[in-house]
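Text of data-v4.cif (mmCIF, C-alpha atoms) as supplied:
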data_data
loop_
_atom_site.label_atom_id
_atom_site.label_comp_id
_atom_site.auth_asym_id
_atom_site.auth_seq_id
_atom_site.Cartn_x
_atom_site.Cartn_y
_atom_site.Cartn_z
CA MET A 773 -22.57 43.60 -4.93
CA ASN A 774 -21.56 47.06 -3.88
CA PRO A 775 -24.51 48.79 -2.13
CA LEU A 776 -23.99 51.90 -4.26
CA THR A 777 -24.47 49.82 -7.41
CA GLY A 778 -27.80 48.54 -6.11
CA TYR A 779 -29.11 52.06 -5.49
CA VAL A 780 -27.86 53.38 -8.83
CA PHE A 781 -29.44 50.43 -10.67
CA LEU A 782 -32.73 51.01 -8.87
CA SER A 783 -32.63 54.68 -9.77
CA ALA A 784 -31.95 53.87 -13.46
CA LEU A 785 -34.90 51.47 -13.41
CA LEU A 786 -37.18 54.12 -11.86
CA PHE A 787 -36.06 56.60 -14.50
CA ALA A 788 -36.85 54.11 -17.27
CA VAL A 789 -40.31 53.42 -15.79
CA GLY A 790 -41.05 57.14 -15.61
CA LEU A 791 -39.81 57.68 -19.17
CA ALA A 792 -41.90 54.80 -20.50
CA GLY A 793 -44.98 56.24 -18.76
CA ALA A 794 -44.36 59.76 -20.06
CA LEU A 795 -43.93 58.46 -23.61
CA THR A 796 -46.80 55.98 -23.81
CA ARG A 797 -49.69 57.41 -21.77
CA ARG A 798 -51.91 60.00 -23.38
CA ASN A 799 -53.48 61.48 -20.27
CA ALA A 800 -51.75 64.78 -19.40
CA MET A 801 -51.87 64.01 -15.68
CA LEU A 802 -50.05 60.70 -16.09
CA VAL A 803 -47.37 62.31 -18.23
CA LEU A 804 -46.81 64.82 -15.42
CA ILE A 805 -46.59 61.97 -12.90
CA GLY A 806 -44.04 60.23 -15.14
CA ILE A 807 -41.91 63.37 -15.10
CA GLU A 808 -42.15 63.45 -11.30
CA LEU A 809 -40.91 59.85 -11.25
CA MET A 810 -37.86 60.78 -13.29
CA LEU A 811 -37.10 63.65 -10.89
CA ASN A 812 -37.42 61.25 -7.96
CA ALA A 813 -35.00 58.82 -9.60
CA ALA A 814 -32.46 61.64 -9.88
CA ASN A 815 -33.00 62.48 -6.19
CA LEU A 816 -32.28 58.88 -5.21
CA ASN A 817 -29.04 59.06 -7.17
CA PHE A 818 -27.96 62.24 -5.38
CA ILE A 819 -28.61 60.73 -1.96
CA ALA A 820 -26.87 57.43 -2.81
CA PHE A 821 -23.75 59.19 -4.07
CA TRP A 822 -23.77 61.49 -1.04
CA ARG A 823 -24.01 58.51 1.32
CA TYR A 824 -21.29 56.41 -0.32
CA GLY A 825 -19.17 59.20 -1.76
CA PRO A 826 -15.85 60.46 -0.45
CA HIS A 827 -17.04 63.66 1.29
CA PRO A 828 -20.37 63.11 3.03
CA GLU A 829 -19.69 65.89 5.52
CA ALA A 830 -20.10 68.52 2.77
CA LEU A 831 -23.89 67.80 2.62
CA THR A 832 -23.98 68.72 -1.07
CA GLY A 833 -26.21 65.83 -2.10
CA VAL A 834 -28.72 66.51 0.67
CA MET A 835 -28.91 70.20 -0.21
CA PHE A 836 -29.39 69.45 -3.89
CA VAL A 837 -32.25 67.06 -3.12
CA ILE A 838 -33.96 69.55 -0.79
CA PHE A 839 -33.90 72.24 -3.47
CA SER A 840 -34.96 69.80 -6.16
CA ILE A 841 -37.97 68.69 -4.08
CA GLY A 842 -38.94 72.36 -3.74
CA VAL A 843 -38.73 72.96 -7.49
CA ALA A 844 -40.63 69.72 -8.20
CA ALA A 845 -43.44 70.80 -5.88
CA ALA A 846 -43.75 74.14 -7.68
CA GLU A 847 -43.70 72.34 -11.03
CA ALA A 848 -46.44 69.93 -9.99
CA ALA A 849 -48.67 72.75 -8.74
CA VAL A 850 -48.28 74.82 -11.92
CA GLY A 851 -48.62 71.78 -14.20
CA LEU A 852 -51.80 70.52 -12.55
CA SER A 853 -53.39 73.95 -12.59
CA ILE A 854 -52.59 74.30 -16.31
CA ILE A 855 -54.23 70.91 -16.90
CA LEU A 856 -57.30 72.11 -14.97
CA ALA A 857 -57.47 75.33 -16.98
CA VAL A 858 -57.20 73.44 -20.28
CA TYR A 859 -59.82 70.96 -19.12
CA ARG A 860 -62.22 73.74 -18.24
CA HIS A 861 -61.76 75.23 -21.68
CA SER A 862 -61.76 72.19 -23.94
CA LYS A 863 -63.19 69.40 -21.74
CA THR A 864 -60.33 67.02 -22.38
CA THR A 865 -57.14 65.87 -20.69
CA ASN A 866 -56.09 63.83 -23.68
CA LEU A 867 -52.79 65.07 -25.08
CA ASP A 868 -53.59 63.95 -28.63
CA GLU A 869 -56.63 66.21 -28.65
CA MET A 870 -54.88 69.24 -27.16
CA ASP A 871 -53.54 70.43 -30.45
CA SER A 872 -54.32 74.10 -30.59
CA LEU A 873 -52.93 77.04 -28.63
CA LYS A 874 -55.63 79.49 -29.72
CA GLY A 875 -58.44 79.80 -27.19
CA MET B 259 -27.42 44.45 -0.24
CA THR B 260 -29.65 44.09 2.77
CA VAL B 261 -33.12 42.61 3.05
CA THR B 262 -34.53 46.05 3.91
CA PHE B 263 -33.13 47.46 0.68
CA LEU B 264 -34.64 44.65 -1.37
CA ILE B 265 -38.08 45.02 0.22
CA LEU B 266 -38.13 48.82 -0.14
CA ALA B 267 -36.85 48.60 -3.72
CA GLY B 268 -39.56 46.07 -4.55
CA VAL B 269 -42.31 48.26 -3.05
CA THR B 270 -41.02 51.32 -4.91
CA ILE B 271 -40.70 49.63 -8.29
CA VAL B 272 -44.08 47.88 -8.03
CA GLY B 273 -45.81 51.09 -6.95
CA MET B 274 -44.27 53.20 -9.69
CA ALA B 275 -44.80 50.61 -12.43
CA ALA B 276 -48.45 50.25 -11.38
CA ALA B 277 -48.81 54.05 -11.39
CA MET B 278 -47.64 54.11 -14.98
CA SER B 279 -49.63 51.16 -16.27
CA LEU B 280 -53.03 50.92 -14.55
CA ARG B 281 -56.12 52.07 -16.44
CA ASN B 282 -58.07 53.77 -13.67
CA LEU B 283 -56.54 57.18 -12.87
CA VAL B 284 -57.47 57.02 -9.17
CA HIS B 285 -55.67 53.69 -8.84
CA CYS B 286 -52.67 55.24 -10.63
CA VAL B 287 -52.42 58.06 -8.09
CA LEU B 288 -52.84 55.66 -5.16
CA SER B 289 -50.07 53.37 -6.37
CA LEU B 290 -47.91 56.43 -7.03
CA THR B 291 -48.34 57.23 -3.33
CA LEU B 292 -47.17 53.71 -2.46
CA GLY B 293 -44.09 54.15 -4.63
CA LEU B 294 -43.29 57.51 -3.05
CA VAL B 295 -43.55 56.01 0.45
CA GLY B 296 -41.13 53.28 -0.62
CA LEU B 297 -38.73 55.91 -1.92
CA ALA B 298 -38.95 57.81 1.37
CA GLY B 299 -38.08 54.53 3.11
CA LEU B 300 -35.03 54.21 0.86
CA PHE B 301 -33.91 57.73 1.86
CA LEU B 302 -34.25 56.76 5.53
CA GLU B 303 -32.27 53.59 4.83
CA LEU B 304 -29.52 55.79 3.35
CA ASP B 305 -29.27 57.77 6.65
CA ALA B 306 -30.85 60.89 5.16
CA GLN B 307 -33.61 61.32 7.74
CA PHE B 308 -34.42 64.90 6.93
CA VAL B 309 -34.81 64.20 3.21
CA GLY B 310 -36.91 61.12 3.92
CA PHE B 311 -39.40 63.04 6.05
CA THR B 312 -39.42 65.94 3.60
CA GLN B 313 -40.25 63.44 0.87
CA ILE B 314 -43.20 62.14 2.87
CA LEU B 315 -44.47 65.63 3.72
CA VAL B 316 -44.07 67.13 0.27
CA TYR B 317 -44.79 64.23 -2.08
CA VAL B 318 -47.13 61.98 -0.13
CA GLY B 319 -48.76 64.83 1.74
CA ALA B 320 -49.02 67.48 -0.97
CA VAL B 321 -48.23 66.37 -4.51
CA ALA B 322 -50.22 63.12 -4.37
CA ILE B 323 -53.23 64.88 -2.82
CA LEU B 324 -52.99 67.62 -5.46
CA ALA B 325 -52.88 65.01 -8.22
CA MET B 326 -55.85 63.25 -6.65
CA PHE B 327 -57.84 66.49 -6.61
CA ALA B 328 -56.94 67.16 -10.24
CA VAL B 329 -58.05 63.63 -11.19
CA MET B 330 -61.36 64.09 -9.40
CA MET B 331 -61.97 67.49 -10.99
CA THR B 332 -61.33 66.24 -14.52
CA ARG B 333 -63.45 63.17 -13.98
CA GLY B 334 -65.48 63.48 -17.18
CA ALA B 335 -62.44 63.29 -19.41
CA ALA B 336 -61.05 60.21 -17.72
CA GLN B 337 -63.81 58.01 -19.07
CA GLN B 338 -62.87 58.39 -22.72
CA GLN B 339 -60.31 55.80 -23.40
CA GLU B 340 -56.68 55.55 -23.39
CA SER B 341 -56.06 53.52 -26.45
CA ARG B 342 -52.97 54.67 -28.17
CA PRO B 343 -51.94 52.72 -31.23
CA THR B 344 -49.84 49.73 -30.26
CA SER B 345 -46.90 51.01 -32.32
CA VAL B 346 -46.66 54.12 -30.11
CA ARG B 347 -46.69 52.00 -26.96
CA ILE B 348 -44.10 49.58 -28.23
CA SER B 349 -41.76 52.31 -29.40
CA GLY B 350 -42.16 54.18 -26.08
CA VAL B 351 -41.29 51.08 -24.07
CA LEU B 352 -38.39 50.30 -26.43
CA ILE B 353 -36.96 53.81 -26.00
CA ALA B 354 -37.23 53.55 -22.21
CA GLY B 355 -35.62 50.10 -22.29
CA GLY B 356 -32.80 51.46 -24.42
CA VAL B 357 -32.20 54.32 -22.00
CA PHE B 358 -32.08 51.83 -19.13
CA LEU B 359 -29.62 49.60 -20.97
CA VAL B 360 -27.32 52.54 -21.74
CA LEU B 361 -27.43 53.66 -18.09
CA ALA B 362 -26.77 50.11 -16.86
CA TRP B 363 -23.88 49.70 -19.29
CA ALA B 364 -22.35 53.00 -18.14
CA MET B 365 -22.73 51.88 -14.52
CA CYS B 366 -21.04 48.54 -15.10
CA HIS B 367 -18.09 50.21 -16.75
CA GLY B 368 -17.88 53.56 -15.01
CA LEU B 369 -18.60 53.13 -11.32
CA MET B 370 -15.36 53.40 -9.47
CA THR B 371 -15.03 51.29 -6.40
CA LEU B 372 -15.27 53.65 -3.50
CA GLY B 373 -13.50 53.04 -0.27
CA ALA B 374 -15.33 51.78 2.80
CA PRO B 375 -17.93 54.49 3.42
CA VAL B 376 -17.94 56.32 6.69
CA GLN B 377 -21.27 56.70 8.41
CA PRO B 378 -22.21 60.27 7.48
CA GLU B 379 -23.95 62.49 9.96
CA ALA B 380 -26.70 64.65 8.55
CA GLU B 381 -28.45 65.94 11.59
CA VAL B 382 -31.16 68.48 11.09
CA LYS B 383 -29.02 70.96 13.01
CA GLN B 384 -26.16 70.65 10.54
CA ILE B 385 -28.53 70.99 7.61
CA GLY B 386 -30.03 74.10 9.17
CA VAL B 387 -26.62 75.64 9.76
CA ALA B 388 -25.56 74.88 6.18
CA LEU B 389 -28.80 76.37 4.84
CA MET B 390 -28.25 79.56 6.80
CA ARG B 391 -24.55 79.91 5.95
CA SER B 392 -23.36 78.66 2.58
CA TYR B 393 -26.74 78.00 0.97
CA VAL B 394 -28.60 81.11 2.08
CA LEU B 395 -28.90 82.65 -1.39
CA PRO B 396 -30.36 79.51 -3.04
CA LEU B 397 -32.74 79.22 -0.08
CA GLU B 398 -34.06 82.75 -0.65
CA VAL B 399 -34.33 82.16 -4.40
CA ILE B 400 -36.32 78.98 -3.93
CA GLY B 401 -38.61 80.76 -1.47
CA LEU B 402 -39.29 83.42 -4.09
CA LEU B 403 -39.79 80.77 -6.78
CA LEU B 404 -42.29 78.84 -4.65
CA THR B 405 -44.25 81.98 -3.80
CA ALA B 406 -44.42 83.09 -7.42
CA ALA B 407 -45.25 79.60 -8.71
CA LEU B 408 -48.03 78.98 -6.19
CA ILE B 409 -49.66 82.39 -6.74
CA GLY B 410 -49.36 81.79 -10.49
CA ALA B 411 -50.92 78.33 -10.17
CA GLY B 412 -53.83 79.81 -8.22
CA VAL B 413 -54.38 82.51 -10.85
CA ILE B 414 -54.25 80.01 -13.74
CA ALA B 415 -56.68 77.62 -12.08
CA MET B 416 -59.11 80.35 -11.08
CA GLU B 417 -62.47 80.44 -12.80
CA GLU B 418 -62.50 82.96 -15.68
CA LYS B 419 -65.15 85.62 -15.50
CA ARG B 420 -67.63 85.62 -18.34
CA GLY B 421 -67.08 89.19 -19.50
CA ALA B 422 -63.33 89.13 -19.03
CA ARG B 423 -62.43 88.06 -22.55
#

Translate this file's structure into structure tokens.
Amino acid sequence: MNPLTGYVFLSALLFAVGLAGALTRRNAMLVLIGIELMLNAANLNFIAFWRYGPHPEALTGVMFVIFSIGVAAAEAAVGLSIILAVYRHSKTTNLDEMDSLKG
Amino acid sequence: MTVTFLILAGVTIVGMAAAMSLRNLVHCVLSLTLGLVGLAGLFLELDAQFVGFTQILVYVGAVAILAMFAVMMTRGAAQQQESRPTSVRISGVLIAGGVFLVLAWAMCHGLMTLGAPVQPEAEVKQIGVALMRSYVLPLEVIGLLLTAALIGAGVIAMEEKRGAR
């Protein structure tokens, strides 16, 4: 098997695991973690295509992953602090019970 | 398809699947850390040293710790159970399985056979030069974004004053 195929399959599998987690868990934190997993699967794809693609010297894949890690870190920080704020207000992290926007 | 790839892929998949399926939230975050370390190993295996170490620093060092803190601070809520109706679980897993099948089908039919890959060089020096030349604007933008997002996160998580409402 082509090594690229192995990496791309692995990344599709990681994406599916993250998606299944985000859809089935009801804890807000785990849904956030599932989204992080999907982002990581995309990063793996970028690096694999950069490594086995025709123009590795352009560094495009590496740059994309570096920026995407930065955005994902910001997203995790904001998401977790929103979960903390909601928890302080309504004492729950269960998504099914977070059904009102009014404070 | 080397042995290293298979081992790292196994560690990553097991870690991530455990993170998504265990009941105890602390165990979930710990196995997420394992999966992220495996992924960093895969990046190293793909000759992207800088990205691999960044992954360890940012995800294992910061995001996992942050998630752990959030889990600890919302401890009370974690006790109430996690029982979604079985239909929701089954349909979620089915949707994810469908997405995987579509992706796999596209891969089998669409991946062109690339020529023998050259060993790419991504030294930190080259990455630094690229960041300072052609990617300088995105670099500044992401610096601004991170500053704004982290200050915003601090403000949101800060304790509200009683009389402030």

Write out as a VMD selection string every residue belonging to chain A that has an atom at most 6 Å from any atom of chain B, counting only C-alpha atoms. chain A and resid 775 788 791 to 793 795 to 796 824 828 846 850 853 857 864

The residue from A:Met870, A:Ile819, A:Leu785, A:Leu776 with the smallest atom-to-atom distance to Val858 in chain A, counting all atoms listed in the file, is A:Met870

Matched chain/residue IDs from the PyMOL selection byres ((chain A and resi 816) around 12), as a PDB file with C-alpha atoms, in the frame of the given file:
ATOM      1  CA  LEU A 776     -23.990  51.900  -4.260  1.00  0.00           C
ATOM      2  CA  GLY A 778     -27.800  48.540  -6.110  1.00  0.00           C
ATOM      3  CA  TYR A 779     -29.110  52.060  -5.490  1.00  0.00           C
ATOM      4  CA  VAL A 780     -27.860  53.380  -8.830  1.00  0.00           C
ATOM      5  CA  PHE A 781     -29.440  50.430 -10.670  1.00  0.00           C
ATOM      6  CA  LEU A 782     -32.730  51.010  -8.870  1.00  0.00           C
ATOM      7  CA  SER A 783     -32.630  54.680  -9.770  1.00  0.00           C
ATOM      8  CA  ALA A 784     -31.950  53.870 -13.460  1.00  0.00           C
ATOM      9  CA  LEU A 785     -34.900  51.470 -13.410  1.00  0.00           C
ATOM     10  CA  LEU A 786     -37.180  54.120 -11.860  1.00  0.00           C
ATOM     11  CA  PHE A 787     -36.060  56.600 -14.500  1.00  0.00           C
ATOM     12  CA  LEU A 809     -40.910  59.850 -11.250  1.00  0.00           C
ATOM     13  CA  MET A 810     -37.860  60.780 -13.290  1.00  0.00           C
ATOM     14  CA  LEU A 811     -37.100  63.650 -10.890  1.00  0.00           C
ATOM     15  CA  ASN A 812     -37.420  61.250  -7.960  1.00  0.00           C
ATOM     16  CA  ALA A 813     -35.000  58.820  -9.600  1.00  0.00           C
ATOM     17  CA  ALA A 814     -32.460  61.640  -9.880  1.00  0.00           C
ATOM     18  CA  ASN A 815     -33.000  62.480  -6.190  1.00  0.00           C
ATOM     19  CA  ASN A 817     -29.040  59.060  -7.170  1.00  0.00           C
ATOM     20  CA  PHE A 818     -27.960  62.240  -5.380  1.00  0.00           C
ATOM     21  CA  ILE A 819     -28.610  60.730  -1.960  1.00  0.00           C
ATOM     22  CA  ALA A 820     -26.870  57.430  -2.810  1.00  0.00           C
ATOM     23  CA  PHE A 821     -23.750  59.190  -4.070  1.00  0.00           C
ATOM     24  CA  TRP A 822     -23.770  61.490  -1.040  1.00  0.00           C
ATOM     25  CA  ARG A 823     -24.010  58.510   1.320  1.00  0.00           C
ATOM     26  CA  GLY A 833     -26.210  65.830  -2.100  1.00  0.00           C
ATOM     27  CA  VAL A 834     -28.720  66.510   0.670  1.00  0.00           C
ATOM     28  CA  PHE A 836     -29.390  69.450  -3.890  1.00  0.00           C
ATOM     29  CA  VAL A 837     -32.250  67.060  -3.120  1.00  0.00           C
ATOM     30  CA  ILE A 838     -33.960  69.550  -0.790  1.00  0.00           C
ATOM     31  CA  SER A 840     -34.960  69.800  -6.160  1.00  0.00           C
ATOM     32  CA  ILE A 841     -37.970  68.690  -4.080  1.00  0.00           C
TER      33      ILE A 841
ATOM     34  CA  ALA B 267     -36.850  48.600  -3.720  1.00  0.00           C
ATOM     35  CA  THR B 270     -41.020  51.320  -4.910  1.00  0.00           C
ATOM     36  CA  LEU B 294     -43.290  57.510  -3.050  1.00  0.00           C
ATOM     37  CA  GLY B 296     -41.130  53.280  -0.620  1.00  0.00           C
ATOM     38  CA  LEU B 297     -38.730  55.910  -1.920  1.00  0.00           C
ATOM     39  CA  ALA B 298     -38.950  57.810   1.370  1.00  0.00           C
ATOM     40  CA  GLY B 299     -38.080  54.530   3.110  1.00  0.00           C
ATOM     41  CA  LEU B 300     -35.030  54.210   0.860  1.00  0.00           C
ATOM     42  CA  PHE B 301     -33.910  57.730   1.860  1.00  0.00           C
ATOM     43  CA  LEU B 302     -34.250  56.760   5.530  1.00  0.00           C
ATOM     44  CA  GLU B 303     -32.270  53.590   4.830  1.00  0.00           C
ATOM     45  CA  LEU B 304     -29.520  55.790   3.350  1.00  0.00           C
ATOM     46  CA  ALA B 306     -30.850  60.890   5.160  1.00  0.00           C
ATOM     47  CA  VAL B 309     -34.810  64.200   3.210  1.00  0.00           C
ATOM     48  CA  GLY B 310     -36.910  61.120   3.920  1.00  0.00           C
ATOM     49  CA  GLN B 313     -40.250  63.440   0.870  1.00  0.00           C
TER      50      GLN B 313
END

Closest of B:Ile265, B:Val272, B:Ala364, B:Val284 to Thr777 in chain A, counting all atoms listed in the file, is B:Ala364

What separates CA of Gly806 in chain A and CA of Ala794 in chain A is a distance of 5.0 Å

Counting all atoms listed in the file, what is within 9 Å of Leu804 in chain A, bar same-chain residues fewer than 6 positions away, as a JSON list (two decimals) with C-alpha atoms, keeping the file's coordinate frame?
[["chain", "number", "residue", "atom", "x", "y", "z"],
["A", 794, "ALA", "CA", -44.36, 59.76, -20.06],
["A", 848, "ALA", "CA", -46.44, 69.93, -9.99],
["A", 851, "GLY", "CA", -48.62, 71.78, -14.20],
["A", 852, "LEU", "CA", -51.80, 70.52, -12.55]]

Closest of A:Leu867, A:Leu873, A:Val789, A:Met835 to Ile855 in chain A - atom-to-atom distances counting all atoms listed in the file
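Comparing A:Leu867, A:Leu873, A:Val789, A:Met835 against Ile855 in chain A, the winner is A:Leu867.
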